[in-house]
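A.B. asks: One structure follows; several queries about it will come next.
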Amino acid sequence: MSEKNISRLRRAKRTRMKIREQATPRLSVYRSSKNFYAQLFDNLGSNIITSASTLEKDAKSKNNNMDSAKDLGKKIAERALENGIKKVVFDRSGYKYHGRIKAFADSAREAGLEF
């Protein structure tokens with residue numbers, strides 16, 4: 001594993017320990033070189049409430065770019081609101097809050113989620 005990925009995972013582990021103390025569901029994201037994934041976990045992190053990715057058949061954009069991140073943010077927010085979840089904690093998985101991660105978070109906020 002590269003040093004860059006090890007550092008990212010270490011940052012993610014640190015933030016997840018702080019997130020676990022809060023009693024709200026966790027919205028976690030993962031970005032690979034080709035796709036973008038989002039999952040909504042319960043507060044303990046053991047059950048997945050809902051998920052969305054660019055690999056789904058009804059995804060507008062099959063790429064891993066800003067437009068697909070925005071679409072994915074709207075989609076995960078709609079699914080969370082259908083399940084009765086309005087307030088979440090955003091777990092950026094050690095990534096910088098910049099680019100695709102920021103576009104995802106902003107579109108999820110616009111669609112009705114509160115973080």
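In the structure tokens, the first chain shown is A, the next is B, and so on; residue numbers restart at 1 for each chain, and ligands run from 1 in the order shown.
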Using only C-alpha atoms, which protein or nucleic acid residues come within 9 Å of stretch 49-53 of chain A? Drop anything in the same chain fewer than 2 positions from it, and give the result as a list in words.

C.D. replies: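 Selected residues are Pro25, Asn35, Phe36, Tyr37, Ala38, Gln39, Leu40, Phe41, Asp42, Asn47, Leu55, Glu56, Ala59, Leu72, Gly73, Lys75, Ile76, Arg79, Ala80 and Asn83 of chain A.
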
A.B. asks: Using all heavy atoms, can you export the residues from the last selection as a short mmCIF file (atom, residue, chain, number, x, y, z; two decimals), in the first residue's frame?

C.D. replies:
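again_4.cif written:
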data_model
loop_
_atom_site.label_atom_id
_atom_site.label_comp_id
_atom_site.auth_asym_id
_atom_site.auth_seq_id
_atom_site.Cartn_x
_atom_site.Cartn_y
_atom_site.Cartn_z
N PRO A 25 -26.50 9.14 12.40
CA PRO A 25 -25.99 8.29 11.31
C PRO A 25 -24.80 8.94 10.60
O PRO A 25 -24.64 10.15 10.59
CB PRO A 25 -27.18 8.17 10.37
CG PRO A 25 -28.36 8.45 11.20
CD PRO A 25 -27.93 9.42 12.23
N ASN A 35 -14.77 5.42 -10.07
CA ASN A 35 -16.13 5.52 -9.56
C ASN A 35 -16.17 6.26 -8.23
O ASN A 35 -15.15 6.52 -7.61
CB ASN A 35 -16.75 4.14 -9.40
CG ASN A 35 -16.95 3.46 -10.72
OD1 ASN A 35 -17.67 3.96 -11.57
ND2 ASN A 35 -16.31 2.33 -10.92
N PHE A 36 -17.39 6.57 -7.80
CA PHE A 36 -17.64 7.30 -6.57
C PHE A 36 -18.74 6.56 -5.81
O PHE A 36 -19.74 6.17 -6.42
CB PHE A 36 -18.10 8.72 -6.92
CG PHE A 36 -17.96 9.71 -5.81
CD1 PHE A 36 -16.78 10.38 -5.62
CD2 PHE A 36 -19.01 9.97 -4.96
CE1 PHE A 36 -16.64 11.31 -4.62
CE2 PHE A 36 -18.89 10.88 -3.94
CZ PHE A 36 -17.69 11.56 -3.78
N TYR A 37 -18.57 6.34 -4.53
CA TYR A 37 -19.51 5.56 -3.72
C TYR A 37 -19.89 6.36 -2.47
O TYR A 37 -19.06 7.08 -1.92
CB TYR A 37 -18.88 4.25 -3.26
CG TYR A 37 -18.26 3.43 -4.36
CD1 TYR A 37 -16.93 3.60 -4.72
CD2 TYR A 37 -19.00 2.48 -5.04
CE1 TYR A 37 -16.36 2.85 -5.72
CE2 TYR A 37 -18.43 1.72 -6.04
CZ TYR A 37 -17.11 1.91 -6.38
OH TYR A 37 -16.55 1.16 -7.38
N ALA A 38 -21.13 6.18 -2.01
CA ALA A 38 -21.58 6.80 -0.77
C ALA A 38 -22.46 5.80 -0.03
O ALA A 38 -23.27 5.10 -0.64
CB ALA A 38 -22.36 8.06 -1.05
N GLN A 39 -22.28 5.74 1.29
CA GLN A 39 -23.08 4.85 2.13
C GLN A 39 -23.52 5.59 3.37
O GLN A 39 -22.77 6.41 3.91
CB GLN A 39 -22.30 3.61 2.55
CG GLN A 39 -21.99 2.66 1.43
CD GLN A 39 -21.24 1.44 1.92
OE1 GLN A 39 -20.48 1.51 2.87
NE2 GLN A 39 -21.49 0.31 1.27
N LEU A 40 -24.71 5.28 3.83
CA LEU A 40 -25.23 5.86 5.05
C LEU A 40 -25.35 4.75 6.08
O LEU A 40 -26.10 3.79 5.89
CB LEU A 40 -26.60 6.49 4.78
CG LEU A 40 -27.20 7.31 5.90
CD1 LEU A 40 -26.33 8.51 6.21
CD2 LEU A 40 -28.58 7.77 5.52
N PHE A 41 -24.56 4.85 7.16
CA PHE A 41 -24.51 3.85 8.22
C PHE A 41 -25.31 4.33 9.42
O PHE A 41 -25.49 5.53 9.61
CB PHE A 41 -23.07 3.62 8.70
CG PHE A 41 -22.17 3.01 7.67
CD1 PHE A 41 -21.34 3.80 6.90
CD2 PHE A 41 -22.14 1.65 7.48
CE1 PHE A 41 -20.51 3.25 5.96
CE2 PHE A 41 -21.31 1.08 6.55
CZ PHE A 41 -20.48 1.88 5.78
N ASP A 42 -25.71 3.39 10.29
CA ASP A 42 -26.29 3.78 11.56
C ASP A 42 -25.18 4.32 12.46
O ASP A 42 -24.01 4.31 12.09
CB ASP A 42 -27.06 2.63 12.21
CG ASP A 42 -26.16 1.47 12.58
OD1 ASP A 42 -24.99 1.45 12.16
OD2 ASP A 42 -26.63 0.57 13.29
N ASN A 47 -24.77 -1.29 10.50
CA ASN A 47 -25.82 -1.52 9.52
C ASN A 47 -25.81 -0.41 8.46
O ASN A 47 -25.75 0.77 8.80
CB ASN A 47 -27.20 -1.55 10.18
CG ASN A 47 -27.35 -2.70 11.12
OD1 ASN A 47 -26.78 -3.77 10.89
ND2 ASN A 47 -28.10 -2.52 12.18
N LEU A 55 -21.94 3.29 -10.21
CA LEU A 55 -22.08 2.02 -10.92
C LEU A 55 -23.53 1.59 -11.12
O LEU A 55 -23.78 0.62 -11.81
CB LEU A 55 -21.36 0.91 -10.15
CG LEU A 55 -19.84 0.97 -10.15
CD1 LEU A 55 -19.27 -0.08 -9.23
CD2 LEU A 55 -19.31 0.78 -11.55
N GLU A 56 -24.48 2.29 -10.51
CA GLU A 56 -25.88 1.92 -10.62
C GLU A 56 -26.38 2.12 -12.04
O GLU A 56 -25.88 2.97 -12.77
CB GLU A 56 -26.72 2.75 -9.65
CG GLU A 56 -26.41 2.45 -8.21
CD GLU A 56 -27.17 3.33 -7.26
OE1 GLU A 56 -27.85 4.27 -7.71
OE2 GLU A 56 -27.08 3.08 -6.06
N ALA A 59 -27.79 5.65 -12.95
CA ALA A 59 -26.90 6.80 -12.74
C ALA A 59 -26.82 7.61 -14.02
O ALA A 59 -26.68 7.07 -15.12
CB ALA A 59 -25.51 6.32 -12.33
N LEU A 72 -24.78 12.19 -7.35
CA LEU A 72 -24.76 11.19 -6.29
C LEU A 72 -25.15 11.80 -4.94
O LEU A 72 -25.83 11.16 -4.14
CB LEU A 72 -23.37 10.56 -6.20
CG LEU A 72 -23.26 9.26 -5.46
CD1 LEU A 72 -24.05 8.18 -6.18
CD2 LEU A 72 -21.82 8.84 -5.35
N GLY A 73 -24.74 13.05 -4.69
CA GLY A 73 -25.14 13.73 -3.46
C GLY A 73 -26.64 13.93 -3.37
O GLY A 73 -27.25 13.72 -2.32
N LYS A 75 -28.88 12.08 -4.95
CA LYS A 75 -29.50 10.76 -4.86
C LYS A 75 -29.45 10.20 -3.44
O LYS A 75 -30.44 9.68 -2.92
CB LYS A 75 -28.80 9.80 -5.82
CG LYS A 75 -29.48 8.47 -5.96
CD LYS A 75 -28.73 7.55 -6.88
CE LYS A 75 -28.71 8.10 -8.28
NZ LYS A 75 -28.06 7.18 -9.23
N ILE A 76 -28.30 10.31 -2.78
CA ILE A 76 -28.18 9.77 -1.42
C ILE A 76 -29.03 10.58 -0.44
O ILE A 76 -29.60 10.04 0.50
CB ILE A 76 -26.70 9.68 -0.97
CG1 ILE A 76 -26.55 8.78 0.26
CG2 ILE A 76 -26.12 11.03 -0.66
CD1 ILE A 76 -26.58 7.34 -0.02
N ARG A 79 -32.66 9.41 -0.82
CA ARG A 79 -32.85 8.09 -0.21
C ARG A 79 -32.83 8.18 1.31
O ARG A 79 -33.55 7.44 2.00
CB ARG A 79 -31.77 7.12 -0.70
CG ARG A 79 -31.95 6.77 -2.16
CD ARG A 79 -30.89 5.84 -2.64
NE ARG A 79 -31.05 5.57 -4.07
CZ ARG A 79 -30.22 4.84 -4.78
NH1 ARG A 79 -29.15 4.29 -4.21
NH2 ARG A 79 -30.43 4.66 -6.06
N ALA A 80 -31.99 9.05 1.86
CA ALA A 80 -31.94 9.22 3.32
C ALA A 80 -33.24 9.83 3.82
O ALA A 80 -33.78 9.41 4.86
CB ALA A 80 -30.76 10.10 3.70
N ASN A 83 -35.96 7.36 4.12
CA ASN A 83 -35.82 6.52 5.31
C ASN A 83 -36.02 7.29 6.60
O ASN A 83 -35.84 6.73 7.69
CB ASN A 83 -34.45 5.84 5.32
CG ASN A 83 -34.35 4.74 4.30
OD1 ASN A 83 -35.31 4.00 4.09
ND2 ASN A 83 -33.20 4.62 3.65
#

A.B. asks: Just the residues within 12 Å of A:Lys34, please, counting only C-alpha atoms, with nothing from its chain fewer than 6 positions along; format it as a VMD selection string.

C.D. replies: chain A and resid 53 to 55 61 to 65 68 to 69

A.B. asks: Just the alpha helix (DSSP H) stuff from chain A, please, per backbone DSSP, written as a ChimeraX atom specification.

C.D. replies: /A:3-21,66-82,100-110

A.B. asks: Of the candidates A:Arg100, A:Lys70, A:Leu113, A:Leu9, which one gets nearest to A:Glu82 if we count only C-alpha atoms?

C.D. replies: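 Among A:Arg100, A:Lys70, A:Leu113, A:Leu9, it is A:Leu113 that comes nearest to A:Glu82.
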
A.B. asks: Report as an mmCIF file with N, CA and C atoms, in the first residue's frame all protein, DNA and RNA residues lying within 10 Å of A:Gln22, evaluated on only C-alpha atoms, omitting residues in the same chain fewer than 6 positions from it.

C.D. replies:
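What ended up in out.cif:
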data_model
loop_
_atom_site.group_PDB
_atom_site.id
_atom_site.type_symbol
_atom_site.label_atom_id
_atom_site.label_comp_id
_atom_site.auth_asym_id
_atom_site.auth_seq_id
_atom_site.Cartn_x
_atom_site.Cartn_y
_atom_site.Cartn_z
ATOM 1 N N ASN A 43 -25.531 4.805 13.643
ATOM 2 C CA ASN A 43 -24.535 5.479 14.477
ATOM 3 C C ASN A 43 -23.418 4.550 14.956
ATOM 4 N N LEU A 44 -23.646 3.253 15.030
ATOM 5 C CA LEU A 44 -22.584 2.334 15.435
ATOM 6 C C LEU A 44 -21.730 1.881 14.251
ATOM 7 N N VAL A 88 -27.205 14.007 9.547
ATOM 8 C CA VAL A 88 -26.133 13.018 9.479
ATOM 9 C C VAL A 88 -24.807 13.675 9.840
ATOM 10 N N VAL A 89 -23.809 12.842 10.052
ATOM 11 C CA VAL A 89 -22.432 13.296 10.239
ATOM 12 C C VAL A 89 -21.669 12.889 8.988
#

A.B. asks: Work out how far apart atom CA of A:Ser93 and atom CA of A:Gly112 are and give it in Å to one decimal.

C.D. replies: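 Interatomic distance here is 21.6 Å.
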
A.B. asks: Just the strand (DSSP E) stuff from chain A, please, per backbone DSSP, written as number ranges by chain.

C.D. replies: A: 26-31, 36-41, 48-53, 89-91

A.B. asks: Pick from A:Asp91, A:Glu114, A:Glu3, A:Asp106: nearest to A:Val29, with only C-alpha atoms counted?

C.D. replies: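 Of A:Asp91, A:Glu114, A:Glu3, A:Asp106, the one nearest A:Val29 is A:Asp91, counting only C-alpha atoms.
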
A.B. asks: Name the closest residue to A:Gly45 among the candidates A:Ser2, A:Ser28, A:Ser107, A:Thr15; distances are taken between atoms, counting only C-alpha atoms.

C.D. replies: A:Ser28

A.B. asks: Determine the nearest neighbour of A:Ile6 from the options A:Ile19, A:Tyr95, A:Ala111, A:Ile85, counting only C-alpha atoms.

C.D. replies: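 Checking each of A:Ile19, A:Tyr95, A:Ala111, A:Ile85 against A:Ile6, counting only C-alpha atoms, the winner is A:Tyr95.
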
A.B. asks: Find the distance between atom CA of A:Leu27 and atom CA of A:Glu78 and write it in Å to one decimal.

C.D. replies: 13.0 Å
